[in-house]
Every structure is written in C-alpha cells, then in structure tokens.
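**Q** Sharing target_6.cif, mmCIF, C-alpha atoms and all ligand atoms:
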data_start
loop_
_atom_site.group_PDB
_atom_site.id
_atom_site.type_symbol
_atom_site.label_atom_id
_atom_site.label_comp_id
_atom_site.auth_asym_id
_atom_site.auth_seq_id
_atom_site.Cartn_x
_atom_site.Cartn_y
_atom_site.Cartn_z
ATOM 1 C CA LYS A 27 -8.190 -36.360 1.823
ATOM 2 C CA LYS A 28 -8.443 -34.947 5.293
ATOM 3 C CA ARG A 29 -9.012 -31.245 5.840
ATOM 4 C CA LEU A 30 -6.033 -29.150 6.872
ATOM 5 C CA THR A 31 -6.311 -27.767 10.384
ATOM 6 C CA VAL A 32 -4.947 -24.560 11.855
ATOM 7 C CA ARG A 33 -2.245 -26.738 13.453
ATOM 8 C CA ASP A 34 -1.212 -27.971 10.003
ATOM 9 C CA ILE A 35 -0.956 -24.363 8.831
ATOM 10 C CA ARG A 36 0.932 -23.358 11.978
ATOM 11 C CA SER A 37 3.491 -26.126 11.332
ATOM 12 C CA LYS A 38 4.371 -24.829 7.845
ATOM 13 C CA LYS A 39 6.968 -22.256 8.862
ATOM 14 C CA GLY A 40 9.250 -21.954 5.840
ATOM 15 C CA GLY A 41 6.349 -22.689 3.487
ATOM 16 C CA PRO A 42 5.106 -23.360 0.952
ATOM 17 C CA LEU A 43 1.667 -22.186 2.000
ATOM 18 C CA VAL A 44 -0.833 -21.597 -0.796
ATOM 19 C CA CYS A 45 -3.563 -19.210 0.315
ATOM 20 C CA LEU A 46 -6.393 -17.793 -1.784
ATOM 21 C CA THR A 47 -9.630 -15.964 -1.169
ATOM 22 C CA ALA A 48 -13.081 -17.307 -1.997
ATOM 23 C CA TYR A 49 -16.447 -15.716 -1.297
ATOM 24 C CA THR A 50 -18.824 -18.141 -3.006
ATOM 25 C CA HIS A 51 -19.587 -21.845 -3.312
ATOM 26 C CA PRO A 52 -18.497 -22.234 -6.965
ATOM 27 C CA MET A 53 -15.195 -20.406 -6.395
ATOM 28 C CA ALA A 54 -14.552 -22.412 -3.216
ATOM 29 C CA LEU A 55 -14.924 -25.656 -5.230
ATOM 30 C CA LEU A 56 -12.168 -24.491 -7.612
ATOM 31 C CA VAL A 57 -9.825 -22.890 -5.098
ATOM 32 C CA ASP A 58 -10.050 -25.896 -2.763
ATOM 33 C CA GLU A 59 -8.224 -27.975 -5.407
ATOM 34 C CA VAL A 60 -4.987 -26.025 -4.814
ATOM 35 C CA ALA A 61 -5.229 -24.000 -1.597
ATOM 36 C CA ASP A 62 -3.990 -24.943 1.868
ATOM 37 C CA LEU A 63 -5.955 -22.063 3.342
ATOM 38 C CA ILE A 64 -9.031 -20.322 1.971
ATOM 39 C CA LEU A 65 -9.770 -16.847 3.290
ATOM 40 C CA VAL A 66 -13.290 -15.502 3.065
ATOM 41 C CA GLY A 67 -11.897 -11.976 2.972
ATOM 42 C CA ASP A 68 -13.775 -8.784 3.671
ATOM 43 C CA SER A 69 -12.284 -7.761 0.312
ATOM 44 C CA LEU A 70 -15.613 -9.145 -0.905
ATOM 45 C CA GLY A 71 -16.870 -5.628 -0.165
ATOM 46 C CA ASN A 72 -14.751 -4.320 -3.042
ATOM 47 C CA VAL A 73 -14.701 -7.359 -5.308
ATOM 48 C CA LEU A 74 -18.314 -8.574 -5.078
ATOM 49 C CA TYR A 75 -20.273 -5.597 -3.791
ATOM 50 C CA GLY A 76 -18.509 -2.657 -5.480
ATOM 51 C CA PHE A 77 -17.768 -0.689 -2.300
ATOM 52 C CA GLU A 78 -14.708 1.568 -2.346
ATOM 53 C CA SER A 79 -13.396 0.144 0.921
ATOM 54 C CA THR A 80 -14.060 -2.818 3.185
ATOM 55 C CA LEU A 81 -15.720 -0.634 5.828
ATOM 56 C CA PRO A 82 -19.365 -1.165 4.755
ATOM 57 C CA VAL A 83 -19.053 -4.969 5.046
ATOM 58 C CA THR A 84 -21.267 -6.439 7.795
ATOM 59 C CA LEU A 85 -21.025 -9.513 10.017
ATOM 60 C CA GLU A 86 -24.148 -10.875 8.306
ATOM 61 C CA MET A 87 -22.439 -10.652 4.898
ATOM 62 C CA MET A 88 -19.360 -12.462 6.212
ATOM 63 C CA ILE A 89 -21.483 -15.208 7.781
ATOM 64 C CA ALA A 90 -23.512 -15.718 4.590
ATOM 65 C CA HIS A 91 -20.404 -15.963 2.401
ATOM 66 C CA GLY A 92 -18.487 -18.001 4.992
ATOM 67 C CA GLY A 93 -21.208 -20.673 4.989
ATOM 68 C CA SER A 94 -21.249 -20.717 1.200
ATOM 69 C CA VAL A 95 -17.476 -21.288 1.054
ATOM 70 C CA MET A 96 -17.546 -23.988 3.743
ATOM 71 C CA ARG A 97 -20.107 -25.935 1.723
ATOM 72 C CA GLY A 98 -17.838 -25.723 -1.344
ATOM 73 C CA SER A 99 -14.536 -26.723 0.271
ATOM 74 C CA LYS A 100 -13.369 -30.084 1.552
ATOM 75 C CA ARG A 101 -9.607 -29.913 1.943
ATOM 76 C CA ALA A 102 -8.528 -26.373 2.803
ATOM 77 C CA CYS A 103 -8.485 -24.729 6.204
ATOM 78 C CA VAL A 104 -11.155 -22.004 6.001
ATOM 79 C CA VAL A 105 -10.732 -18.634 7.710
ATOM 80 C CA VAL A 106 -13.382 -15.892 7.771
ATOM 81 C CA ASP A 107 -12.468 -12.201 8.096
ATOM 82 C CA MET A 108 -14.032 -10.198 10.924
ATOM 83 C CA PRO A 109 -15.463 -7.023 9.383
ATOM 84 C CA PHE A 110 -14.794 -3.488 10.613
ATOM 85 C CA GLY A 111 -16.615 -2.654 13.846
ATOM 86 C CA SER A 112 -17.239 -6.270 14.853
ATOM 87 C CA TYR A 113 -14.154 -6.762 17.078
ATOM 88 C CA GLN A 114 -12.248 -3.549 17.846
ATOM 89 C CA GLU A 115 -14.387 -2.361 20.757
ATOM 90 C CA SER A 116 -13.432 -4.996 23.325
ATOM 91 C CA PRO A 117 -12.308 -8.606 23.729
ATOM 92 C CA VAL A 118 -15.873 -9.508 24.768
ATOM 93 C CA GLN A 119 -17.393 -7.937 21.652
ATOM 94 C CA ALA A 120 -14.804 -9.764 19.530
ATOM 95 C CA PHE A 121 -15.548 -13.080 21.248
ATOM 96 C CA GLN A 122 -19.310 -12.769 20.816
ATOM 97 C CA ASN A 123 -19.069 -11.947 17.115
ATOM 98 C CA ALA A 124 -16.261 -14.417 16.354
ATOM 99 C CA ALA A 125 -18.238 -17.176 18.078
ATOM 100 C CA ARG A 126 -21.222 -16.349 15.858
ATOM 101 C CA VAL A 127 -18.994 -16.654 12.787
ATOM 102 C CA LEU A 128 -17.636 -20.046 13.893
ATOM 103 C CA VAL A 129 -21.018 -21.430 14.971
ATOM 104 C CA GLU A 130 -23.020 -20.170 11.999
ATOM 105 C CA THR A 131 -20.487 -20.983 9.229
ATOM 106 C CA GLY A 132 -18.545 -23.966 10.590
ATOM 107 C CA CYS A 133 -15.249 -22.308 9.608
ATOM 108 C CA HIS A 134 -12.004 -23.073 11.438
ATOM 109 C CA ALA A 135 -10.688 -19.663 12.369
ATOM 110 C CA ILE A 136 -11.263 -15.949 12.080
ATOM 111 C CA LYS A 137 -8.918 -13.213 10.908
ATOM 112 C CA LEU A 138 -8.683 -9.734 12.344
ATOM 113 C CA GLU A 139 -6.530 -6.726 11.467
ATOM 114 C CA GLY A 140 -4.304 -5.139 14.074
ATOM 115 C CA GLY A 141 -1.010 -4.991 15.916
ATOM 116 C CA GLU A 142 -0.088 -4.385 19.540
ATOM 117 C CA GLU A 143 -3.458 -2.724 20.248
ATOM 118 C CA MET A 144 -5.273 -5.986 19.348
ATOM 119 C CA ALA A 145 -2.948 -8.393 21.197
ATOM 120 C CA GLU A 146 -5.164 -8.516 24.304
ATOM 121 C CA THR A 147 -8.143 -9.450 22.125
ATOM 122 C CA VAL A 148 -6.224 -12.143 20.227
ATOM 123 C CA SER A 149 -5.135 -13.652 23.545
ATOM 124 C CA PHE A 150 -8.723 -13.497 24.887
ATOM 125 C CA LEU A 151 -10.012 -15.364 21.811
ATOM 126 C CA THR A 152 -7.285 -17.986 21.480
ATOM 127 C CA ARG A 153 -7.385 -18.880 25.188
ATOM 128 C CA ARG A 154 -11.119 -19.481 24.807
ATOM 129 C CA GLY A 155 -10.871 -21.775 21.782
ATOM 130 C CA ILE A 156 -11.117 -19.403 18.838
ATOM 131 C CA ALA A 157 -8.212 -19.750 16.403
ATOM 132 C CA VAL A 158 -7.001 -16.409 15.051
ATOM 133 C CA LEU A 159 -5.113 -15.467 11.899
ATOM 134 C CA GLY A 160 -3.417 -12.090 12.388
ATOM 135 C CA HIS A 161 -3.064 -9.308 9.787
ATOM 136 C CA VAL A 162 -0.346 -6.656 10.074
ATOM 137 C CA GLY A 163 1.289 -4.076 7.817
ATOM 138 C CA LEU A 164 -1.188 -2.321 5.554
ATOM 139 C CA MET A 165 -4.583 -2.715 7.178
ATOM 140 C CA PRO A 166 -7.366 -1.825 4.723
ATOM 141 C CA GLN A 167 -9.877 -1.204 7.548
ATOM 142 C CA HIS A 168 -7.677 1.761 8.606
ATOM 143 C CA VAL A 169 -8.061 3.476 5.226
ATOM 144 C CA HIS A 170 -9.738 6.626 6.576
ATOM 145 C CA ALA A 171 -7.596 6.942 9.702
ATOM 146 C CA ARG A 172 -4.473 6.639 7.531
ATOM 147 C CA GLY A 173 -5.733 8.930 4.779
ATOM 148 C CA GLY A 174 -5.634 6.283 2.075
ATOM 149 C CA PHE A 175 -4.235 2.847 1.299
ATOM 150 C CA ARG A 176 -0.645 3.528 2.364
ATOM 151 C CA ARG A 177 2.198 1.087 2.564
ATOM 152 C CA GLU A 178 3.471 0.603 6.098
ATOM 153 C CA SER A 179 7.191 1.429 5.969
ATOM 154 C CA ASP A 180 8.166 1.532 9.660
ATOM 155 C CA VAL A 181 9.972 -1.824 10.061
ATOM 156 C CA ASP A 182 10.168 -1.651 13.851
ATOM 157 C CA LYS A 183 6.441 -0.980 14.145
ATOM 158 C CA VAL A 184 5.432 -3.858 11.874
ATOM 159 C CA VAL A 185 7.818 -6.288 13.601
ATOM 160 C CA ALA A 186 6.547 -5.212 17.046
ATOM 161 C CA ASP A 187 2.933 -5.615 15.880
ATOM 162 C CA ALA A 188 3.646 -9.057 14.409
ATOM 163 C CA ARG A 189 5.447 -10.242 17.544
ATOM 164 C CA ALA A 190 2.622 -9.040 19.786
ATOM 165 C CA ILE A 191 -0.039 -10.849 17.748
ATOM 166 C CA ALA A 192 2.032 -14.043 17.444
ATOM 167 C CA GLN A 193 2.776 -14.041 21.174
ATOM 168 C CA ALA A 194 -0.930 -13.552 21.859
ATOM 169 C CA GLY A 195 -1.582 -16.880 20.140
ATOM 170 C CA ALA A 196 -2.269 -16.257 16.437
ATOM 171 C CA PHE A 197 -1.473 -19.380 14.377
ATOM 172 C CA ALA A 198 -0.153 -17.398 11.392
ATOM 173 C CA LEU A 199 0.052 -13.800 10.181
ATOM 174 C CA VAL A 200 -0.966 -12.074 6.975
ATOM 175 C CA VAL A 201 1.617 -9.391 6.124
ATOM 176 C CA GLU A 202 0.180 -6.919 3.625
ATOM 177 C CA GLY A 203 1.578 -3.958 1.726
ATOM 178 C CA VAL A 204 5.121 -3.726 3.047
ATOM 179 C CA LYS A 205 8.528 -3.698 1.367
ATOM 180 C CA GLU A 206 10.223 -7.057 1.013
ATOM 181 C CA GLU A 207 12.793 -6.218 3.703
ATOM 182 C CA VAL A 208 9.971 -5.517 6.173
ATOM 183 C CA ALA A 209 8.331 -8.860 5.351
ATOM 184 C CA ARG A 210 11.732 -10.536 5.756
ATOM 185 C CA ALA A 211 12.238 -8.974 9.199
ATOM 186 C CA VAL A 212 8.732 -10.002 10.296
ATOM 187 C CA THR A 213 9.199 -13.545 8.983
ATOM 188 C CA ALA A 214 12.484 -13.877 10.879
ATOM 189 C CA GLY A 215 10.953 -12.290 13.981
ATOM 190 C CA VAL A 216 8.017 -14.638 14.592
ATOM 191 C CA GLU A 217 7.763 -18.406 15.004
ATOM 192 C CA VAL A 218 4.459 -18.713 13.184
ATOM 193 C CA PRO A 219 4.240 -18.654 9.379
ATOM 194 C CA THR A 220 3.860 -15.320 7.606
ATOM 195 C CA ILE A 221 1.575 -15.067 4.588
ATOM 196 C CA GLY A 222 2.467 -12.194 2.274
ATOM 197 C CA ILE A 223 0.458 -10.061 -0.130
ATOM 198 C CA ALA A 224 1.991 -7.069 -1.900
ATOM 199 C CA ALA A 225 4.963 -7.725 0.379
ATOM 200 C CA GLY A 226 7.666 -8.993 -1.975
ATOM 201 C CA ASP A 227 8.801 -12.589 -1.881
ATOM 202 C CA ALA A 228 10.142 -13.035 1.668
ATOM 203 C CA SER A 229 7.140 -14.490 3.501
ATOM 204 C CA ASP A 230 6.606 -18.166 4.364
ATOM 205 C CA GLY A 231 3.443 -18.333 2.263
ATOM 206 C CA GLU A 232 1.538 -16.112 -0.127
ATOM 207 C CA ILE A 233 -2.104 -15.081 -0.419
ATOM 208 C CA ARG A 234 -3.902 -13.529 -3.373
ATOM 209 C CA VAL A 235 -7.408 -12.287 -3.971
ATOM 210 C CA THR A 236 -8.482 -14.979 -6.431
ATOM 211 C CA GLU A 237 -10.310 -12.561 -8.726
ATOM 212 C CA ASP A 238 -7.138 -10.428 -8.930
ATOM 213 C CA LEU A 239 -5.095 -13.497 -9.845
ATOM 214 C CA LEU A 240 -7.626 -14.468 -12.507
ATOM 215 C CA GLY A 241 -7.771 -10.937 -13.892
ATOM 216 C CA VAL A 242 -11.529 -10.559 -13.382
ATOM 217 C CA THR A 243 -11.648 -7.753 -10.785
ATOM 218 C CA PRO A 244 -13.130 -4.508 -12.119
ATOM 219 C CA ASN A 245 -10.198 -2.304 -10.951
ATOM 220 C CA PRO A 246 -7.276 -4.600 -10.215
ATOM 221 C CA PRO A 247 -4.567 -3.211 -7.925
ATOM 222 C CA GLY A 248 -1.192 -2.445 -9.498
ATOM 223 C CA PHE A 249 0.742 -5.385 -8.072
ATOM 224 C CA VAL A 250 -1.533 -7.967 -9.591
ATOM 225 C CA GLU A 251 -0.300 -10.515 -12.121
ATOM 226 C CA ALA A 252 -0.833 -9.921 -15.839
ATOM 227 C CA GLU A 253 -4.180 -10.290 -17.598
ATOM 228 C CA SER A 254 -5.146 -13.943 -17.793
ATOM 229 C CA GLY A 255 -7.500 -13.663 -20.754
ATOM 230 C CA ILE A 256 -10.347 -15.010 -18.635
ATOM 231 C CA LYS A 257 -12.302 -11.763 -18.850
ATOM 232 C CA ASP A 258 -12.056 -11.930 -22.643
ATOM 233 C CA ALA A 259 -13.297 -15.527 -22.602
ATOM 234 C CA MET A 260 -16.264 -14.428 -20.470
ATOM 235 C CA ARG A 261 -17.032 -11.537 -22.869
ATOM 236 C CA LYS A 262 -16.875 -13.950 -25.804
ATOM 237 C CA ALA A 263 -19.320 -16.392 -24.192
ATOM 238 C CA LEU A 264 -21.729 -13.543 -23.432
ATOM 239 C CA SER A 265 -21.555 -11.970 -26.874
ATOM 240 C CA GLU A 266 -21.945 -15.375 -28.555
ATOM 241 C CA PHE A 267 -25.149 -15.847 -26.597
ATOM 242 C CA ALA A 268 -26.355 -12.342 -27.467
ATOM 243 C CA GLU A 269 -25.498 -12.815 -31.152
ATOM 244 C CA SER A 270 -27.236 -16.177 -31.260
ATOM 245 C CA LEU A 271 -30.467 -14.293 -30.506
ATOM 246 C CA THR A 272 -30.084 -11.526 -33.106
ATOM 247 C CA LYS A 273 -32.187 -13.304 -35.686
ATOM 248 C CA PRO A 274 -35.887 -12.642 -35.223
ATOM 249 C CA LYS A 275 -38.012 -15.771 -34.723
ATOM 250 C CA ALA A 276 -39.864 -16.829 -37.857
HETATM 251 O O1 LIG B 1 -9.886 -9.397 2.644
HETATM 252 C C1 LIG B 1 -8.934 -10.000 2.106
HETATM 253 O O2 LIG B 1 -9.040 -10.574 1.005
HETATM 254 C C2 LIG B 1 -7.648 -10.000 2.818
HETATM 255 C C3 LIG B 1 -6.471 -10.554 2.085
HETATM 256 C C4 LIG B 1 -6.056 -9.636 0.993
HETATM 257 C C5 LIG B 1 -5.354 -10.885 2.986
HETATM 258 O O3 LIG B 1 -7.593 -9.567 3.937
HETATM 259 NA NA NA B 2 -9.446 -8.473 4.661
#
For this file, write the structure as structure tokens.

**A**
Amino acid sequence: KKRLTVRDIRSKKGGPLVCLTAYTHPMALLVDEVADLILVGDSLGNVLYGFESTLPVTLEMMIAHGGSVMRGSKRACVVVDMPFGSYQESPVQAFQNAARVLVETGCHAIKLEGGEEMAETVSFLTRRGIAVLGHVGLMPQHVHARGGFRRESDVDKVVADARAIAQAGAFALVVEGVKEEVARAVTAGVEVPTIGIAAGDASDGEIRVTEDLLGVTPNPPGFVEAESGIKDAMRKALSEFAESLTKPKA
C-alpha cells in the first residue's frame, strides 16, 4: 500500500484518524500496521530517557529516533516533534532546524507547540515547503513557565491559538489537555482535522503515547487506559529466563 501523505491526513476532517507515537524501529513496525500518522514525539524524553519533562530533549535525539522510525514504517505519515529551543527563537531558526529534521530523517512533517505567537513561524515554514502539525492546549514544553502540567481551560484562547496556527498553514492540529467542550469548540472552529489527547472525545482523530496505551510506561498519566497485562507478560519472560539459570552447571 501507498504511504499516507500530509494531504491525506488533511482531508480527514471528521475522522477517523488513528495516531500513535513511536520512537524506535521495532515499535514503528508494529504501530505502522494500524496508524494513519506516527508521531516521533519528544515525549521520548520521559518515556525512553527518564527525564521529568521534555525540555532536555535535543534535536540530535529527535533526528536519531526519527530515522529509526522512518526505517520501520511503510504506510503511515511520519511526523517528528521539534524539541524545546530548536524553533521558538525565530522563523529562520525554525526553518534551519526543521530542514535538518526532514533531510536527515526523511520524515514528512514536523510538529511544534504553540498558538498565536508561533503563527508567523508556521507560515514561514509551510510557505517554504515544510509541512507542519500544530499543537495547542496543554503544551508540555511550557511546564516551567506555567508552573506545572496544567490543563488549558480558557476556551477563547485555545480556539484563537488553533485558528491562528491553522490559518498559518498547519495541515492538522494536536489538541492536548483540554476539557471536551474546548476540544469541540476548536474542532468546529478550524477546517483542518483536530487530533485529541486527554481532550475528551470531540476531536476528529485521537493520538496516544503507544507505551501509555500498552501499559508499559513507568509512571503512566491518569487518563491512560487500564493495565493491558503486557508488563506482567514481560516480567514473566524475564523471570523465566532468570529461573532457567538458577541451577548451577554440572
Ligand atoms: O510528544 C508527544 O508524544 C506528543 C503527543 C502526546 C501529542 O506531543
Ligand atoms: Na510532544
């Protein structure tokens, strides 16, 4: 089958739009069987590297994991997150770093967090050939400025942010950490598809951190689906191996 393009994703207003994260080649192989869009999220800082936020994630880490995921996927549209500090300074800085991500990984688009303040940058990138997935609502890269991971509850602000980013040329928008009525207002307020996470059930598509969905993250967030039993299966395989070696060699 042919790979989905950002235009295919853009045309799926109303959904369904199955979106999942992957950071590695083996996970990309699995996720690619069901996902329309694979995000190489900077959540890899928490999930893979054990950081307490996404702020320590570097462009080099995103490029390394982005390449790994591209080599493992055939069908999904692959988007790589721009890490903190790699795009906020200026449209030119964003272009230079986003171009590196596209050239060095072969991915189809980048994602960046931000609302009205990032609209100029999104326009700069999209008009120069770089497809952008927006990200509004709760923005994890703002954790320190906001004094924690807080839900964004100001409907008018989130809708204005979403409209600005969509008008600037983003092909779709992640909407994170808002009440369902906020996600509903955003979804009605933009022509591009919205992709929700921790945002109720009102978005055009949904995205999950795959490890959260599988129940294998060390400290899963509260909204995550029930335990899958996969962690127990992993423990069992490990302890069976360990036990198989408990007898001393003759
Ligand atoms: O980094 C990430 O995984 C994300 C998704 C949760 C949308 O930004
Ligand atoms: Na992210």

**Q** Within 8 Å of range 193-205 of chain A, which residues of range 84-165 of chain A come that close, and what is the closest atom pair and distance in Å for each? Count only C-alpha atoms and give it as a Markdown table.

**A**
| residue | atom | partner | partner_atom | distance |
| --- | --- | --- | --- | --- |
| A:Ala145 | CA | A:Ala194 | CA | 5.6 |
| A:Glu146 | CA | A:Ala194 | CA | 7.0 |
| A:Val148 | CA | A:Ala194 | CA | 5.7 |
| A:Ser149 | CA | A:Ala194 | CA | 4.5 |
| A:Thr152 | CA | A:Gly195 | CA | 6.0 |
| A:Arg153 | CA | A:Gly195 | CA | 7.9 |
| A:Ala157 | CA | A:Ala196 | CA | 6.9 |
| A:Val158 | CA | A:Ala196 | CA | 4.9 |
| A:Leu159 | CA | A:Ala198 | CA | 5.3 |
| A:Gly160 | CA | A:Leu199 | CA | 4.5 |
| A:His161 | CA | A:Val200 | CA | 4.5 |
| A:Val162 | CA | A:Val201 | CA | 5.2 |
| A:Gly163 | CA | A:Glu202 | CA | 5.2 |
| A:Leu164 | CA | A:Gly203 | CA | 5.0 |
| A:Met165 | CA | A:Glu202 | CA | 7.3 |

**Q** Evaluate the PyMOL selection byres (((chain A and resi 80-85) around 7) and not hetatm) and record the selected residues as a list of chain:residue names, following the chain and residue labels used in the document.

**A**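 For this structure, the PyMOL selection byres (((chain A and resi 80-85) around 7) and not hetatm) captures A:Asp68, A:Ser69, A:Gly71, A:Asn72, A:Phe77, A:Ser79, A:Glu86, A:Met87, A:Met88, A:Ile89, A:Pro109, A:Phe110, A:Ser112, A:Pro166, A:Gln167.
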
**Q** Between CA of Thr272 in chain A and CA of Lys257 in chain A, what is the distance, to one decimal in Å?

**A**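 One can read the CA of Thr272 in chain A to CA of Lys257 in chain A distance as 22.8 Å.
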
**Q** With all atoms listed in the file as the basis for distance, which of A:Met144, A:Val73, A:Cys103, A:Val212 is at the shortest distance from Leu43 in chain A?

**A**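 Using all atoms listed in the file, Leu43 in chain A sits closest to A:Cys103.
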
**Q** Could you work out how far CA of Lys38 in chain A lies from CA of Ala61 in chain A, giving the answer in Å with one decimal?

**A**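 Separation between CA of Ala61 in chain A and CA of Lys38 in chain A: 13.5 Å.
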
**Q** Tell me which residues the PyMOL selection byres (((not hetatm)) within 7 of (chain B and resi 1)) grabs here, as a PDB file with C-alpha atoms, keeping the file's coordinate frame.

**A**
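Contents of out_4.pdb, freshly written:
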ATOM      1  CA  THR A  47      -9.630 -15.964  -1.169  1.00  0.00           C
ATOM      2  CA  LEU A  65      -9.770 -16.847   3.290  1.00  0.00           C
ATOM      3  CA  VAL A  66     -13.290 -15.502   3.065  1.00  0.00           C
ATOM      4  CA  GLY A  67     -11.897 -11.976   2.972  1.00  0.00           C
ATOM      5  CA  ASP A  68     -13.775  -8.784   3.671  1.00  0.00           C
ATOM      6  CA  SER A  69     -12.284  -7.761   0.312  1.00  0.00           C
ATOM      7  CA  LEU A  70     -15.613  -9.145  -0.905  1.00  0.00           C
ATOM      8  CA  ASP A 107     -12.468 -12.201   8.096  1.00  0.00           C
ATOM      9  CA  VAL A 200      -0.966 -12.074   6.975  1.00  0.00           C
ATOM     10  CA  GLU A 202       0.180  -6.919   3.625  1.00  0.00           C
ATOM     11  CA  ILE A 223       0.458 -10.061  -0.130  1.00  0.00           C
ATOM     12  CA  ILE A 233      -2.104 -15.081  -0.419  1.00  0.00           C
ATOM     13  CA  ARG A 234      -3.902 -13.529  -3.373  1.00  0.00           C
ATOM     14  CA  VAL A 235      -7.408 -12.287  -3.971  1.00  0.00           C
TER      15      VAL A 235
END

**Q** Once the PyMOL selection byres (((chain A and resi 222) around 8) and not hetatm) has been applied to the shown file, what residues remain in the selection, as a PDB file with C-alpha atoms, in the coordinates of the input?

**A**
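Contents of selection20.pdb, freshly written:
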ATOM      1  CA  VAL A 200      -0.966 -12.074   6.975  1.00  0.00           C
ATOM      2  CA  VAL A 201       1.617  -9.391   6.124  1.00  0.00           C
ATOM      3  CA  GLU A 202       0.180  -6.919   3.625  1.00  0.00           C
ATOM      4  CA  ALA A 209       8.331  -8.860   5.351  1.00  0.00           C
ATOM      5  CA  THR A 220       3.860 -15.320   7.606  1.00  0.00           C
ATOM      6  CA  ILE A 221       1.575 -15.067   4.588  1.00  0.00           C
ATOM      7  CA  ILE A 223       0.458 -10.061  -0.130  1.00  0.00           C
ATOM      8  CA  ALA A 224       1.991  -7.069  -1.900  1.00  0.00           C
ATOM      9  CA  ALA A 225       4.963  -7.725   0.379  1.00  0.00           C
ATOM     10  CA  GLY A 226       7.666  -8.993  -1.975  1.00  0.00           C
ATOM     11  CA  ASP A 227       8.801 -12.589  -1.881  1.00  0.00           C
ATOM     12  CA  ALA A 228      10.142 -13.035   1.668  1.00  0.00           C
ATOM     13  CA  SER A 229       7.140 -14.490   3.501  1.00  0.00           C
ATOM     14  CA  ASP A 230       6.606 -18.166   4.364  1.00  0.00           C
ATOM     15  CA  GLY A 231       3.443 -18.333   2.263  1.00  0.00           C
ATOM     16  CA  GLU A 232       1.538 -16.112  -0.127  1.00  0.00           C
ATOM     17  CA  ILE A 233      -2.104 -15.081  -0.419  1.00  0.00           C
TER      18      ILE A 233
END

**Q** When you count all atoms listed in the file, which of these residues is closest to ligand NA 2 (chain B): A:Asp238, A:Glu139, A:Asp258, A:Glu266?

**A**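 Of the candidates, the smallest distance to ligand NA 2 (chain B) is held by A:Glu139.
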
**Q** I'd like the box whose edges run along x, y and z of the file and which contains every listed atom of range 123-139 of chain A, padded by 4 Å per side; could you state its centre and edge lengths in Å, one decimal, as lines of an AutoDock Vina configuration file?

**A**
center_x = -14.8
center_y = -15.3
center_z = 13.7
size_x = 24.5
size_y = 25.2
size_z = 16.8

**Q** What is the CA of Leu56 in chain A to CA of Val242 in chain A distance in Å?

**A** 15.1 Å

**Q** Have a look at A:Lys39, A:Lys183, A:His168, A:Lys28 and name the one nearest to ligand NA 2 (chain B); count only C-alpha atoms and all ligand atoms.

**A**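 So, comparing all the options, the nearest one is A:His168.
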
**Q** Out of A:Val105, A:Met96, A:Val208, A:Val218, which residue has the shortest atom-to-atom distance to ligand NA 2 (chain B) when counting only C-alpha atoms and all ligand atoms?

**A**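 When distances to ligand NA 2 (chain B) are compared using only C-alpha atoms and all ligand atoms, the smallest one comes from A:Val105.
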
**Q** Using only C-alpha atoms and all ligand atoms, find the one residue out of A:Lys137, A:Thr213, A:Arg172, A:Arg33 that sits nearest to ligand NA 2 (chain B).

**A**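 Comparing A:Lys137, A:Thr213, A:Arg172, A:Arg33 against ligand NA 2 (chain B), the winner is A:Lys137.
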
**Q** From the list A:Leu271, A:Ala54, A:Leu239, A:Ile136, which residue is nearest ligand NA 2 (chain B) when using all atoms listed in the file?

**A** A:Ile136

**Q** Compile the contact shell of Gln114 in chain A as a ChimeraX atom specification: residues with an atom at most 10 Å away, counting only C-alpha atoms, same-chain residues fewer than 6 positions apart removed.

**A** /A:108,120,138-140,143-144,147

**Q** Within 8 Å of Asp58 in chain A, counting only C-alpha atoms, which residues qualify if same-chain residues fewer than 5 places away don't, as a PyMOL selection string?

**A** chain A and resi 64+98-102

**Q** Using all atoms listed in the file, which protein or nucleic acid residues come within 9 Å of Leu128 in chain A? Drop anything in the same chain fewer than 5 positions from it, and give the result as a list in words.

**A**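 Surrounding residues, per the criterion: Ile89, Val106, Asn123, Cys133, His134, Ala135, Ile136 and Ile156 of chain A.
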
**Q** For Ala90 in chain A, list every protein, DNA or RNA residue within 10 Å, evaluated using only C-alpha atoms, and leave out those in the same chain fewer than 6 positions away; present the list as a PyMOL selection string.

**A** chain A and resi 49-50+127+130-131

**Q** So which residues touch Val118 in chain A within 9 Å, counting only C-alpha atoms, skipping near sequence neighbours fewer than 3 positions away, as a PyMOL selection string?

**A** chain A and resi 113+115+121-123+147+150-151

**Q** As a PDB file, keeping the file's coordinate frame, please: range 123-134 of chain A completed to N, CA and C atoms.

**A**
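Saved result, selection-v7.pdb, follows:
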ATOM      1  N   ASN A 123     -18.888 -11.944  18.571  1.00  0.00           N
ATOM      2  CA  ASN A 123     -19.069 -11.947  17.115  1.00  0.00           C
ATOM      3  C   ASN A 123     -18.272 -13.063  16.442  1.00  0.00           C
ATOM      4  N   ALA A 124     -17.057 -13.324  16.938  1.00  0.00           N
ATOM      5  CA  ALA A 124     -16.261 -14.417  16.354  1.00  0.00           C
ATOM      6  C   ALA A 124     -16.942 -15.757  16.602  1.00  0.00           C
ATOM      7  N   ALA A 125     -17.533 -15.925  17.784  1.00  0.00           N
ATOM      8  CA  ALA A 125     -18.238 -17.176  18.078  1.00  0.00           C
ATOM      9  C   ALA A 125     -19.418 -17.352  17.127  1.00  0.00           C
ATOM     10  N   ARG A 126     -20.129 -16.259  16.841  1.00  0.00           N
ATOM     11  CA  ARG A 126     -21.222 -16.349  15.858  1.00  0.00           C
ATOM     12  C   ARG A 126     -20.699 -16.817  14.511  1.00  0.00           C
ATOM     13  N   VAL A 127     -19.571 -16.268  14.080  1.00  0.00           N
ATOM     14  CA  VAL A 127     -18.994 -16.654  12.787  1.00  0.00           C
ATOM     15  C   VAL A 127     -18.653 -18.143  12.779  1.00  0.00           C
ATOM     16  N   LEU A 128     -18.008 -18.625  13.844  1.00  0.00           N
ATOM     17  CA  LEU A 128     -17.636 -20.046  13.893  1.00  0.00           C
ATOM     18  C   LEU A 128     -18.870 -20.936  13.936  1.00  0.00           C
ATOM     19  N   VAL A 129     -19.831 -20.584  14.787  1.00  0.00           N
ATOM     20  CA  VAL A 129     -21.018 -21.430  14.971  1.00  0.00           C
ATOM     21  C   VAL A 129     -21.878 -21.431  13.707  1.00  0.00           C
ATOM     22  N   GLU A 130     -22.065 -20.270  13.109  1.00  0.00           N
ATOM     23  CA  GLU A 130     -23.020 -20.170  11.999  1.00  0.00           C
ATOM     24  C   GLU A 130     -22.419 -20.554  10.648  1.00  0.00           C
ATOM     25  N   THR A 131     -21.076 -20.580  10.517  1.00  0.00           N
ATOM     26  CA  THR A 131     -20.487 -20.983   9.229  1.00  0.00           C
ATOM     27  C   THR A 131     -19.797 -22.329   9.304  1.00  0.00           C
ATOM     28  N   GLY A 132     -19.335 -22.737  10.486  1.00  0.00           N
ATOM     29  CA  GLY A 132     -18.545 -23.966  10.590  1.00  0.00           C
ATOM     30  C   GLY A 132     -17.088 -23.786  10.195  1.00  0.00           C
ATOM     31  N   CYS A 133     -16.646 -22.548  10.013  1.00  0.00           N
ATOM     32  CA  CYS A 133     -15.249 -22.308   9.608  1.00  0.00           C
ATOM     33  C   CYS A 133     -14.298 -22.617  10.759  1.00  0.00           C
ATOM     34  N   HIS A 134     -12.989 -22.627  10.447  1.00  0.00           N
ATOM     35  CA  HIS A 134     -12.004 -23.073  11.438  1.00  0.00           C
ATOM     36  C   HIS A 134     -11.382 -21.968  12.252  1.00  0.00           C
TER      37      HIS A 134
END
